[in-house]
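Undergrad: mmCIF, C-alpha atoms, saved as target24.cif, coming up:
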```
data_work
#
loop_
_atom_site.label_atom_id
_atom_site.label_comp_id
_atom_site.auth_asym_id
_atom_site.auth_seq_id
_atom_site.Cartn_x
_atom_site.Cartn_y
_atom_site.Cartn_z
CA MET A 1 187.99 151.77 -36.01
CA ARG A 2 185.93 150.66 -39.00
CA ARG A 3 183.83 147.53 -38.47
CA LYS A 4 184.92 144.61 -40.67
CA ASN A 5 182.29 143.74 -43.24
CA ILE A 6 181.06 140.20 -43.94
CA PHE A 7 182.58 140.52 -47.45
CA GLU A 8 186.13 141.15 -46.15
CA ASN A 9 189.00 139.00 -45.00
CA GLU A 10 191.29 140.22 -42.24
CA ASP A 11 193.49 141.92 -44.87
CA GLY A 12 190.49 143.79 -46.29
CA SER A 13 190.17 141.68 -49.44
CA LEU A 14 186.79 140.28 -50.47
CA MET A 15 186.20 136.97 -48.77
CA SER A 16 185.10 133.59 -50.08
CA CYS A 17 183.56 131.29 -47.47
CA LEU A 18 181.20 128.36 -47.15
CA ARG A 19 178.25 130.56 -46.28
CA PRO A 20 177.11 132.53 -49.33
CA SER A 21 177.49 136.29 -49.27
CA PHE A 22 174.47 136.65 -51.57
CA SER A 23 171.33 134.68 -52.21
CA VAL A 24 170.06 135.25 -55.75
CA VAL A 25 166.30 134.67 -56.16
CA ILE A 26 164.73 134.05 -59.58
CA PRO A 27 160.91 133.62 -59.69
CA LEU A 28 160.15 131.33 -62.63
CA TYR A 29 156.92 130.89 -64.55
CA ASN A 30 156.91 129.72 -68.18
CA LYS A 31 160.13 131.36 -69.38
CA GLU A 32 161.61 128.43 -71.30
CA ASP A 33 162.95 130.73 -74.02
CA TYR A 34 164.89 132.91 -71.58
CA ILE A 35 165.70 131.06 -68.36
CA GLU A 36 168.91 129.41 -69.55
CA ASP A 37 170.48 132.73 -70.51
CA THR A 38 169.30 134.27 -67.24
CA VAL A 39 170.77 131.48 -65.10
CA GLN A 40 174.01 131.52 -67.08
CA SER A 41 174.35 135.26 -66.49
CA VAL A 42 174.37 134.53 -62.75
CA LEU A 43 176.80 131.64 -63.02
CA ASN A 44 179.12 133.91 -65.04
CA GLN A 45 179.52 136.29 -62.09
CA ARG A 46 183.12 137.16 -61.24
CA PHE A 47 182.13 137.24 -57.57
CA THR A 48 181.38 133.56 -57.00
CA ASN A 49 180.31 133.29 -53.35
CA PHE A 50 176.55 133.07 -53.87
CA GLU A 51 173.65 130.65 -53.96
CA LEU A 52 171.05 130.72 -56.72
CA LEU A 53 167.47 129.96 -55.71
CA ILE A 54 165.12 129.37 -58.63
CA ILE A 55 161.52 129.33 -57.43
CA ASP A 56 159.41 127.46 -59.97
CA ASP A 57 155.92 128.87 -59.55
CA GLY A 58 153.97 126.08 -61.24
CA SER A 59 155.46 126.38 -64.74
CA THR A 60 153.64 124.40 -67.43
CA ASP A 61 156.27 124.62 -70.19
CA GLN A 62 159.86 123.31 -70.35
CA SER A 63 161.28 125.91 -67.95
CA VAL A 64 162.05 123.41 -65.19
CA ALA A 65 163.74 121.01 -67.60
CA ARG A 66 165.97 123.85 -68.81
CA VAL A 67 167.01 124.63 -65.23
CA GLN A 68 167.68 120.98 -64.46
CA GLY A 69 170.25 120.97 -67.23
CA PHE A 70 172.62 123.06 -65.08
CA ASP A 71 175.13 121.09 -63.03
CA ASP A 72 176.27 123.57 -60.40
CA PRO A 73 176.02 123.02 -56.62
CA ARG A 74 175.11 126.67 -56.09
CA VAL A 75 171.81 126.23 -57.99
CA ARG A 76 168.74 125.20 -55.99
CA LEU A 77 165.44 124.56 -57.75
CA ILE A 78 162.41 124.92 -55.50
CA SER A 79 158.93 124.13 -56.82
CA GLN A 80 155.62 125.40 -55.50
CA PRO A 81 152.03 125.70 -56.78
CA ASN A 82 151.35 128.78 -58.85
CA GLY A 83 150.86 131.74 -56.52
CA GLY A 84 152.21 134.71 -58.44
CA GLU A 85 155.53 136.50 -58.69
CA PRO A 86 155.49 138.16 -55.22
CA THR A 87 154.74 134.80 -53.61
CA ALA A 88 157.68 133.23 -55.43
CA ARG A 89 160.00 136.05 -54.38
CA ASN A 90 158.85 135.75 -50.78
CA ARG A 91 159.50 132.00 -50.85
CA GLY A 92 163.03 132.81 -51.96
CA ILE A 93 163.43 135.19 -49.02
CA THR A 94 162.48 132.47 -46.54
CA GLU A 95 164.80 129.92 -48.19
CA ALA A 96 167.78 132.27 -48.47
CA ARG A 97 170.90 131.64 -46.36
CA ALA A 98 172.76 134.88 -47.08
CA ASP A 99 172.44 138.24 -45.35
CA TYR A 100 171.91 139.97 -48.71
CA ILE A 101 169.38 138.92 -51.35
CA GLY A 102 169.46 139.91 -55.00
CA PHE A 103 166.42 139.49 -57.23
CA LEU A 104 166.45 138.70 -60.94
CA ASP A 105 163.46 138.11 -63.21
CA ALA A 106 163.60 134.96 -65.32
CA ASP A 107 163.97 136.82 -68.62
CA ASP A 108 166.48 139.49 -67.55
CA LEU A 109 170.28 139.36 -67.37
CA TRP A 110 173.08 140.35 -65.02
CA HIS A 111 176.42 141.53 -66.34
CA PRO A 112 179.47 139.61 -64.99
CA ASP A 113 180.45 142.33 -62.48
CA PHE A 114 177.00 142.76 -60.92
CA LEU A 115 177.70 140.93 -57.64
CA LYS A 116 181.32 142.07 -57.56
CA ALA A 117 180.18 145.70 -57.60
CA ALA A 118 177.56 145.04 -54.92
CA ALA A 119 180.09 143.28 -52.69
CA SER A 120 182.65 146.05 -53.15
CA ASP A 121 180.16 148.81 -52.33
CA ILE A 122 178.85 146.97 -49.26
CA ALA A 123 182.40 146.32 -48.07
CA ALA A 124 183.13 150.04 -48.33
CA HIS A 125 179.77 151.08 -46.82
CA PRO A 126 178.61 148.41 -44.30
CA ASP A 127 175.42 150.39 -43.62
CA ILE A 128 174.04 149.63 -47.11
CA THR A 129 170.71 147.81 -46.87
CA PHE A 130 169.28 148.64 -50.32
CA TRP A 131 171.52 148.61 -53.41
CA SER A 132 170.93 148.94 -57.15
CA PRO A 133 173.10 149.58 -60.21
CA ALA A 134 172.13 151.28 -63.47
CA TYR A 135 170.69 149.08 -66.21
CA GLU A 136 170.00 148.93 -69.92
CA ILE A 137 166.61 148.32 -71.52
CA LEU A 138 166.38 145.74 -74.29
CA ARG A 139 163.58 146.35 -76.78
CA ASP A 140 162.83 144.87 -80.19
CA THR A 141 164.75 147.78 -81.68
CA GLY A 142 167.86 147.10 -79.59
CA ALA A 143 169.36 148.01 -76.21
CA GLU A 144 169.57 151.49 -74.72
CA LEU A 145 170.62 152.83 -71.35
CA ALA A 146 167.91 153.73 -68.87
CA ARG A 147 167.42 157.49 -68.47
CA TYR A 148 167.39 158.84 -64.94
CA SER A 149 166.27 162.15 -63.51
CA ILE A 150 169.51 162.36 -61.50
CA GLU A 151 173.09 162.27 -62.76
CA PRO A 152 175.33 160.98 -59.95
CA SER A 153 179.08 161.38 -60.46
CA GLY A 154 179.78 158.05 -58.78
CA PRO A 155 178.38 155.39 -56.46
CA GLY A 156 176.55 156.81 -53.46
CA PHE A 157 173.35 157.10 -51.48
CA VAL A 158 170.35 158.67 -53.23
CA ASP A 159 169.11 161.76 -51.39
CA ASN A 160 165.53 161.62 -52.70
CA TYR A 161 164.23 158.36 -54.17
CA PHE A 162 161.05 159.88 -55.62
CA ASP A 163 162.87 162.69 -57.40
CA ALA A 164 165.25 160.07 -58.81
CA CYS A 165 162.36 158.16 -60.44
CA LEU A 166 160.86 160.89 -62.61
CA LYS A 167 162.15 159.26 -65.82
CA ASP A 168 163.02 155.56 -65.83
CA PRO A 169 162.81 153.88 -62.38
CA ILE A 170 166.13 154.05 -60.59
CA VAL A 171 165.61 150.54 -59.27
CA MET A 172 163.98 147.49 -60.87
CA PRO A 173 163.31 144.02 -59.42
CA SER A 174 166.22 142.68 -61.51
CA THR A 175 168.65 145.31 -60.18
CA SER A 176 167.67 145.16 -56.51
CA VAL A 177 169.84 143.84 -53.69
CA LEU A 178 168.48 144.17 -50.16
CA SER A 179 169.36 143.13 -46.67
CA ARG A 180 167.45 139.98 -45.78
CA GLN A 181 166.56 141.54 -42.43
CA VAL A 182 164.97 144.55 -44.14
CA LEU A 183 162.96 142.24 -46.39
CA LEU A 184 161.71 140.33 -43.36
CA ASP A 185 160.95 143.52 -41.42
CA LYS A 186 158.87 144.85 -44.36
CA GLY A 187 156.95 141.59 -44.64
CA GLY A 188 158.25 140.75 -48.10
CA PHE A 189 156.71 141.77 -51.42
CA PRO A 190 152.99 142.63 -51.29
CA VAL A 191 150.80 139.80 -52.56
CA GLY A 192 147.62 140.23 -54.60
CA ILE A 193 148.60 143.43 -56.40
CA PRO A 194 148.68 142.73 -60.15
CA LEU A 195 149.97 146.18 -61.12
CA GLY A 196 152.76 148.16 -59.48
CA GLY A 197 153.48 145.78 -56.61
CA ASP A 198 157.25 146.18 -56.88
CA ILE A 199 156.93 149.98 -57.17
CA LEU A 200 154.78 149.95 -54.04
CA PHE A 201 157.36 147.83 -52.21
CA TRP A 202 160.25 150.17 -53.05
CA ALA A 203 158.13 153.06 -51.74
CA TYR A 204 157.67 151.13 -48.48
CA VAL A 205 161.38 150.38 -48.21
CA VAL A 206 162.61 153.94 -48.74
CA GLN A 207 160.53 155.14 -45.81
CA SER A 208 163.25 153.70 -43.55
CA GLU A 209 166.15 152.71 -45.83
CA GLN A 210 168.31 154.82 -48.16
CA LEU A 211 169.03 153.48 -51.64
CA PHE A 212 172.68 153.18 -52.62
CA PHE A 213 172.97 153.65 -56.39
CA HIS A 214 175.86 152.34 -58.50
CA PRO A 215 175.70 154.32 -61.79
CA VAL A 216 177.45 151.71 -63.97
CA PRO A 217 174.99 149.62 -66.10
CA LEU A 218 175.22 146.08 -64.75
CA ALA A 219 171.86 144.53 -65.74
CA THR A 220 169.69 144.13 -68.82
CA TYR A 221 165.93 144.51 -68.52
CA ARG A 222 163.79 143.04 -71.31
CA ARG A 223 160.90 145.41 -72.02
CA GLN A 224 157.85 143.36 -73.01
CA MET A 225 154.45 145.04 -72.99
CA GLU A 226 152.53 141.75 -72.90
CA ASN A 227 154.48 139.90 -70.24
CA ASN A 228 152.00 138.41 -67.79
CA TYR A 229 153.89 136.47 -65.17
CA SER A 230 151.34 133.87 -64.12
CA VAL A 231 147.73 132.82 -64.31
CA THR A 232 146.97 134.40 -60.95
CA GLN A 233 147.95 137.87 -62.20
CA ASN A 234 146.14 138.10 -65.53
CA ALA A 235 143.05 139.87 -64.15
CA PRO A 236 143.29 143.67 -64.55
CA PRO A 237 143.64 145.54 -61.25
CA LYS A 238 140.66 147.41 -59.88
CA ARG A 239 142.83 150.12 -58.37
CA LEU A 240 146.45 151.24 -58.29
CA ASP A 241 147.64 150.53 -54.76
CA VAL A 242 150.85 152.50 -55.15
CA LEU A 243 148.75 155.64 -55.72
CA ASP A 244 146.89 154.94 -52.48
CA PHE A 245 150.22 154.77 -50.68
CA LEU A 246 151.55 157.93 -52.29
CA GLU A 247 148.34 159.72 -51.31
CA SER A 248 149.40 159.52 -47.67
CA ARG A 249 152.69 161.20 -48.60
CA LEU A 250 150.78 163.79 -50.61
CA ARG A 251 148.62 164.68 -47.60
CA ASP A 252 151.81 165.24 -45.62
CA GLY A 253 152.93 167.80 -48.21
CA ASP A 254 155.91 165.82 -49.54
CA LEU A 255 156.56 167.71 -52.81
CA SER A 256 158.77 164.98 -54.29
CA SER A 257 156.02 162.43 -53.71
CA ILE A 258 153.47 164.72 -55.36
CA ARG A 259 155.62 165.02 -58.48
CA TYR A 260 156.18 161.27 -58.56
CA PHE A 261 152.49 160.71 -57.87
CA GLN A 262 151.49 162.49 -61.09
CA PHE A 263 154.35 161.02 -63.10
CA TYR A 264 153.63 157.42 -62.11
CA SER A 265 149.88 157.65 -62.67
CA ARG A 266 150.46 159.22 -66.10
CA LYS A 267 153.02 156.59 -67.08
CA SER A 268 150.82 153.72 -65.89
CA ALA A 269 147.75 155.10 -67.67
CA TYR A 270 149.58 155.47 -70.98
CA ARG A 271 151.10 151.99 -70.72
CA GLN A 272 147.74 150.36 -70.02
CA THR A 273 146.13 152.25 -72.91
CA ALA A 274 148.93 151.26 -75.30
CA SER A 275 148.43 147.64 -74.16
CA GLY A 276 144.77 147.71 -75.20
CA ARG A 277 143.20 148.59 -71.84
CA PRO A 278 142.10 152.23 -72.28
CA GLY A 279 139.39 151.85 -69.64
CA LEU A 280 142.00 150.95 -67.04
CA GLY A 281 144.21 153.80 -68.19
CA LEU A 282 141.39 156.29 -67.72
CA GLN A 283 140.54 154.71 -64.36
CA ILE A 284 144.12 155.19 -63.15
CA LEU A 285 144.08 158.86 -64.15
CA GLY A 286 140.69 159.25 -62.48
CA GLN A 287 142.01 157.76 -59.26
CA SER A 288 144.96 160.13 -59.34
CA LEU A 289 142.67 163.12 -60.00
CA TRP A 290 140.29 162.20 -57.18
CA GLN A 291 143.10 161.86 -54.68
CA HIS A 292 144.53 165.22 -55.67
CA LEU A 293 141.12 166.91 -55.40
CA ARG A 294 140.58 165.35 -51.96
CA ALA A 295 143.87 166.94 -50.96
CA GLY A 296 142.59 170.32 -52.18
CA ARG A 297 144.84 170.51 -55.25
CA TRP A 298 142.33 171.85 -57.80
CA LEU A 299 145.04 172.84 -60.28
CA THR A 300 145.26 169.13 -61.12
CA LEU A 301 142.03 169.37 -63.16
CA PRO A 302 143.64 170.93 -66.29
CA TRP A 303 146.42 168.31 -66.04
CA PHE A 304 143.76 165.58 -66.03
CA LEU A 305 142.03 166.95 -69.14
CA ILE A 306 145.34 167.21 -71.01
CA GLU A 307 146.26 163.63 -70.09
CA CYS A 308 142.82 162.36 -71.16
CA ALA A 309 143.46 163.88 -74.57
CA GLY A 310 146.81 162.12 -74.60
CA LEU A 311 145.16 158.78 -73.82
CA LEU A 312 142.71 159.32 -76.67
CA ARG A 313 145.61 159.95 -79.04
CA VAL A 314 147.35 156.74 -77.90
CA MET A 315 144.12 154.76 -78.25
CA LEU A 316 143.46 156.05 -81.78
CA ARG A 317 147.05 155.36 -82.81
CA ARG A 318 146.80 151.80 -81.51
CA ALA A 319 143.47 151.26 -83.29
CA TRP A 320 144.96 152.55 -86.55
CA THR A 321 148.00 150.28 -86.17
CA LEU A 322 145.80 147.23 -85.59
CA ARG A 323 143.59 148.13 -88.54
CA LEU A 324 146.59 148.62 -90.78
CA GLY A 325 147.97 145.26 -89.70
CA LYS A 326 144.70 143.51 -90.55
CA PHE A 327 144.58 145.26 -93.91
CA ASN A 328 148.13 144.16 -94.77
CA ALA A 329 147.35 140.59 -93.73
CA SER A 330 144.19 140.44 -95.86
CA SER A 331 145.96 141.84 -98.93
CA ARG A 332 148.61 139.13 -99.02
#
```
Would you put the structure from the file into structure tokens?
TA:
Amino acid sequence: MRRKNIFENEDGSLMSCLRPSFSVVIPLYNKEDYIEDTVQSVLNQRFTNFELLIIDDGSTDQSVARVQGFDDPRVRLISQPNGGEPTARNRGITEARADYIGFLDADDLWHPDFLKAAASDIAAHPDITFWSPAYEILRDTGAELARYSIEPSGPGFVDNYFDACLKDPIVMPSTSVLSRQVLLDKGGFPVGIPLGGDILFWAYVVQSEQLFFHPVPLATYRRQMENNYSVTQNAPPKRLDVLDFLESRLRDGDLSSIRYFQFYSRKSAYRQTASGRPGLGLQILGQSLWQHLRAGRWLTLPWFLIECAGLLRVMLRRAWTLRLGKFNASSR
């Protein structure tokens, strides 16, 4: 006999009760231009049995005032001194009353069926502890669907998380729904990691939990290269902690982790270089190379040289773009 899920009534329909089925956590720091649309996207959910926890992490703009304009009993505004995005998310975990917690960044959006799809999948598969739908990426040039390295025919558990992340990440903070117990067991999001902290956390989670992927796009992620969350995270990282974690998987001979290891270091290095931090980009590649050589994988050396040439090309292209912009400004 199948165990009745917390999302079901006795007749099998999705339930609505006093206790929320989901706690939605939004870490907020200086997003006055976006937070109203983000909050409204949650309040527009067709599945209505949720609480919305907005953790103000010491905002200095009008973000809090924008949130206070919402008159909905499901919205709770919690203020704390600025501690960084992971700290705000972890505060939300401790304040949450539901068994499942969904995370949403303060400038991203949920589509109206986001929670309905999560509730339906969990009702059908009560063993789900980690859930994510597909998403679209909103750039200055418009929106486009994320591209994945797997093509599932329908909702289901992902066999290999690392293989599924070799293009766009299969899960983002704004698409993630996790069991509160799993979040507590993992100790919450890692604090003090200014680059790749969420990627590192997903890697921790999938060591014991299997991701359930819903292939319908149900969230919008705003891609902003210069999008520092808070004053405590502006300092460039000295190392890429997620590479340190993946190194342990590499030593164990996990081929999927090795592929993801190279992919993630390359992607991070190029992004940092394109953002005006070529030294950090080269440092990330160097860290990846050193860890591969320590593991006896000498064939990584040609890969490193090729990627260094790629970083140089990105750096020169950025320098030319900046120079052209200054020239156009001076000629006006």
Undergrad: Would you kindly return, as a CSV table (one decimal) with C-alpha atoms, keeping the file's coordinate frame, each protein, DNA or RNA residue with an atom no farther than 6 Å from any atom of range 149-155 of chain A, considering only C-alpha atoms and excluding same-chain residues fewer than 4 positions away?
TA:
```
chain,number,residue,atom,x,y,z
A,164,ALA,CA,165.2,160.1,-58.8
A,166,LEU,CA,160.9,160.9,-62.6
A,167,LYS,CA,162.2,159.3,-65.8
A,213,PHE,CA,173.0,153.6,-56.4
A,214,HIS,CA,175.9,152.3,-58.5
```
Undergrad: Val205 in chain A: which residues within 9 Å, counting all atoms listed in the file, same-chain residues fewer than 4 positions away excluded, as a list in words?
TA: Phe130, Val182, Leu183, Lys186, Leu200, Phe201, Glu209, Gln210 and Leu211 of chain A
Undergrad: Counting only C-alpha atoms, figure out which residue out of A:Arg97, A:Arg266, A:Arg139, A:His125 gets nearest to Tyr221 in chain A.
TA: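 Ranked by minimum distance to Tyr221 in chain A, first place goes to A:Arg139.
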Undergrad: Which is closest to Ser79 in chain A among A:Ile122, A:Ala117, A:Leu28, A:Asp105, if we use only C-alpha atoms?
TA: A:Leu28
Undergrad: One decimal, Å: what's the distance from CA of Ala309 in chain A over to CA of Gly276 in chain A, could you say?
TA: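 Interatomic distance, CA of Ala309 in chain A to CA of Gly276 in chain A: 16.2 Å.
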Undergrad: Could you check which of A:Ala219, A:Val158, A:Ala269, A:Met172 is closest to Trp202 in chain A, using only C-alpha atoms?
TA: A:Met172
Undergrad: Would you list the contacts of Pro27 in chain A as a VMD selection string, taking every protein, DNA or RNA residue within 9 Å and counting all atoms listed in the file, but skipping same-chain residues closer than 2 positions in sequence?
TA: chain A and resid 25 29 53 to 57 84 to 89 92 103 to 106
Undergrad: Would you export the selected residues with C-alpha atoms as a PDB file, keeping the file's coordinate frame, please?
TA:
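Result file follows (out_17.pdb):
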```
ATOM      1  CA  VAL A  25     166.300 134.670 -56.160  1.00  0.00           C
ATOM      2  CA  TYR A  29     156.920 130.890 -64.550  1.00  0.00           C
ATOM      3  CA  LEU A  53     167.470 129.960 -55.710  1.00  0.00           C
ATOM      4  CA  ILE A  54     165.120 129.370 -58.630  1.00  0.00           C
ATOM      5  CA  ILE A  55     161.520 129.330 -57.430  1.00  0.00           C
ATOM      6  CA  ASP A  56     159.410 127.460 -59.970  1.00  0.00           C
ATOM      7  CA  ASP A  57     155.920 128.870 -59.550  1.00  0.00           C
ATOM      8  CA  GLY A  84     152.210 134.710 -58.440  1.00  0.00           C
ATOM      9  CA  GLU A  85     155.530 136.500 -58.690  1.00  0.00           C
ATOM     10  CA  PRO A  86     155.490 138.160 -55.220  1.00  0.00           C
ATOM     11  CA  THR A  87     154.740 134.800 -53.610  1.00  0.00           C
ATOM     12  CA  ALA A  88     157.680 133.230 -55.430  1.00  0.00           C
ATOM     13  CA  ARG A  89     160.000 136.050 -54.380  1.00  0.00           C
ATOM     14  CA  GLY A  92     163.030 132.810 -51.960  1.00  0.00           C
ATOM     15  CA  PHE A 103     166.420 139.490 -57.230  1.00  0.00           C
ATOM     16  CA  LEU A 104     166.450 138.700 -60.940  1.00  0.00           C
ATOM     17  CA  ASP A 105     163.460 138.110 -63.210  1.00  0.00           C
ATOM     18  CA  ALA A 106     163.600 134.960 -65.320  1.00  0.00           C
TER      19      ALA A 106
END
```
Undergrad: Looking at A:Gly83, A:Pro126, A:Gly156, A:Gly286, which one is nearest to Asp99 in chain A, with distances taken over all atoms listed in the file?
TA: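 Among the listed residues, the smallest separation from Asp99 in chain A belongs to A:Pro126.
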Undergrad: Extract, using all atoms listed in the file, all DNA, RNA and protein residues at most 12 Å from Leu138 in chain A, discarding same-chain residues fewer than 6 positions from it, and format them as a PyMOL selection string.
TA: chain A and resi 107-109+144-146+219-224
Undergrad: Keeping only C-alpha atoms, take the residues you just selected and write them out as a CSV table (one decimal), in the frame of the given file.
TA:
```csv
chain,number,residue,atom,x,y,z
A,107,ASP,CA,164.0,136.8,-68.6
A,108,ASP,CA,166.5,139.5,-67.6
A,109,LEU,CA,170.3,139.4,-67.4
A,144,GLU,CA,169.6,151.5,-74.7
A,145,LEU,CA,170.6,152.8,-71.4
A,146,ALA,CA,167.9,153.7,-68.9
A,219,ALA,CA,171.9,144.5,-65.7
A,220,THR,CA,169.7,144.1,-68.8
A,221,TYR,CA,165.9,144.5,-68.5
A,222,ARG,CA,163.8,143.0,-71.3
A,223,ARG,CA,160.9,145.4,-72.0
A,224,GLN,CA,157.8,143.4,-73.0
```
Undergrad: Could you list, as number ranges by chain, every residue within 12 Å of Glu32 in chain A, counting all atoms listed in the file and ignoring same-chain residues fewer than 3 positions away?
TA: A: 28-29, 35-39, 56, 59-68, 106-107
Undergrad: Limited to C-alpha atoms, could you put the picked residues into a file as a PDB file, in the coordinates of the input?
TA:
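part35.pdb was written with the following content:
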```
ATOM      1  CA  LEU A  28     160.150 131.330 -62.630  1.00  0.00           C
ATOM      2  CA  TYR A  29     156.920 130.890 -64.550  1.00  0.00           C
ATOM      3  CA  ILE A  35     165.700 131.060 -68.360  1.00  0.00           C
ATOM      4  CA  GLU A  36     168.910 129.410 -69.550  1.00  0.00           C
ATOM      5  CA  ASP A  37     170.480 132.730 -70.510  1.00  0.00           C
ATOM      6  CA  THR A  38     169.300 134.270 -67.240  1.00  0.00           C
ATOM      7  CA  VAL A  39     170.770 131.480 -65.100  1.00  0.00           C
ATOM      8  CA  ASP A  56     159.410 127.460 -59.970  1.00  0.00           C
ATOM      9  CA  SER A  59     155.460 126.380 -64.740  1.00  0.00           C
ATOM     10  CA  THR A  60     153.640 124.400 -67.430  1.00  0.00           C
ATOM     11  CA  ASP A  61     156.270 124.620 -70.190  1.00  0.00           C
ATOM     12  CA  GLN A  62     159.860 123.310 -70.350  1.00  0.00           C
ATOM     13  CA  SER A  63     161.280 125.910 -67.950  1.00  0.00           C
ATOM     14  CA  VAL A  64     162.050 123.410 -65.190  1.00  0.00           C
ATOM     15  CA  ALA A  65     163.740 121.010 -67.600  1.00  0.00           C
ATOM     16  CA  ARG A  66     165.970 123.850 -68.810  1.00  0.00           C
ATOM     17  CA  VAL A  67     167.010 124.630 -65.230  1.00  0.00           C
ATOM     18  CA  GLN A  68     167.680 120.980 -64.460  1.00  0.00           C
ATOM     19  CA  ALA A 106     163.600 134.960 -65.320  1.00  0.00           C
ATOM     20  CA  ASP A 107     163.970 136.820 -68.620  1.00  0.00           C
TER      21      ASP A 107
END
```
Undergrad: Using Å and a single decimal, report how far CA of Ala96 in chain A sits from CA of Ile78 in chain A.
TA: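 That distance, rounded to one decimal, is 11.5 Å.
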Undergrad: If I take CA of Pro20 in chain A and CA of Phe189 in chain A, how far is one from the other in Å, to one decimal?
TA: 22.5 Å
Undergrad: Mind giving me the axis-aligned box for range 69-87 of chain A with 6 Å on every side, centre plus edges in Å to one decimal, as JSON?
TA:
```
{"center_x": 163.6, "center_y": 129.6, "center_z": -60.4, "size_x": 37.4, "size_y": 29.2, "size_z": 25.6}
```
Undergrad: Place a sphere of radius 12 Å on (136.1, 151.3, -79.1) in the file coordinates and name every protein, DNA or RNA residue with an atom inside or on its surface, counting all atoms listed in the file; give the answer as a list in words.
TA: Thr273, Gly276, Arg277, Pro278, Gly279, Leu312, Met315, Leu316, Arg318, Ala319 and Trp320 of chain A
Undergrad: Measuring atom to atom with only C-alpha atoms, identify which of A:Ala203, A:Leu43, A:Leu184, A:Leu18 is nearest to Pro112 in chain A.
TA: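 Among the listed residues, the smallest separation from Pro112 in chain A belongs to A:Leu43.
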Undergrad: For Ser268 in chain A, which residue out of A:Ser288, A:Ile26, A:Asp72, A:Leu77 is the nearest one, using all atoms listed in the file?
TA: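 Distance minimum relative to Ser268 in chain A lands on A:Ser288.
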Undergrad: Got a sec to check which residues sit within 9 Å of (170.9, 147.1, -52.5), counting all atoms listed in the file, and write them as a list of chain:residue names?
TA: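 Residues close enough to count: A:Tyr100, A:Ile101, A:Gly102, A:Ala118, A:Ile122, A:Ile128, A:Thr129, A:Phe130, A:Trp131, A:Ser132, A:Pro133, A:Thr175, A:Ser176, A:Val177, A:Leu178, A:Ser179, A:Leu211, A:Phe212, A:Phe213.
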Undergrad: With N, CA and C atoms retained, output range 277-290 of chain A as a compact mmCIF listing (two decimals), in the first residue's frame.
TA:
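Saved as decode_26.txt:
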```
# COMPACT_ATOMS: atom_id res chain seq x y z
N ARG A 277 38.70 39.95 -14.50
CA ARG A 277 39.60 39.36 -13.51
C ARG A 277 40.41 38.23 -14.15
N PRO A 278 41.25 38.56 -15.13
CA PRO A 278 42.01 37.50 -15.83
C PRO A 278 42.97 36.77 -14.90
N GLY A 279 43.50 37.47 -13.89
CA GLY A 279 44.40 36.80 -12.95
C GLY A 279 43.70 35.68 -12.21
N LEU A 280 42.45 35.94 -11.80
CA LEU A 280 41.68 34.90 -11.12
C LEU A 280 41.33 33.77 -12.07
N GLY A 281 41.01 34.12 -13.31
CA GLY A 281 40.73 33.08 -14.29
C GLY A 281 41.90 32.14 -14.49
N LEU A 282 43.09 32.70 -14.62
CA LEU A 282 44.29 31.89 -14.79
C LEU A 282 44.57 31.08 -13.53
N GLN A 283 44.30 31.67 -12.37
CA GLN A 283 44.51 30.97 -11.11
C GLN A 283 43.60 29.75 -10.99
N ILE A 284 42.35 29.90 -11.44
CA ILE A 284 41.41 28.78 -11.39
C ILE A 284 41.89 27.64 -12.30
N LEU A 285 42.33 27.99 -13.51
CA LEU A 285 42.85 26.96 -14.40
C LEU A 285 44.10 26.30 -13.81
N GLY A 286 44.94 27.11 -13.18
CA GLY A 286 46.15 26.57 -12.57
C GLY A 286 45.83 25.60 -11.44
N GLN A 287 44.81 25.94 -10.65
CA GLN A 287 44.40 25.04 -9.58
C GLN A 287 43.91 23.72 -10.15
N SER A 288 43.10 23.82 -11.21
CA SER A 288 42.59 22.61 -11.84
C SER A 288 43.74 21.76 -12.39
N LEU A 289 44.71 22.42 -13.07
CA LEU A 289 45.85 21.69 -13.63
C LEU A 289 46.64 20.99 -12.52
N TRP A 290 46.93 21.69 -11.44
CA TRP A 290 47.72 21.13 -10.36
C TRP A 290 47.05 19.91 -9.75
```
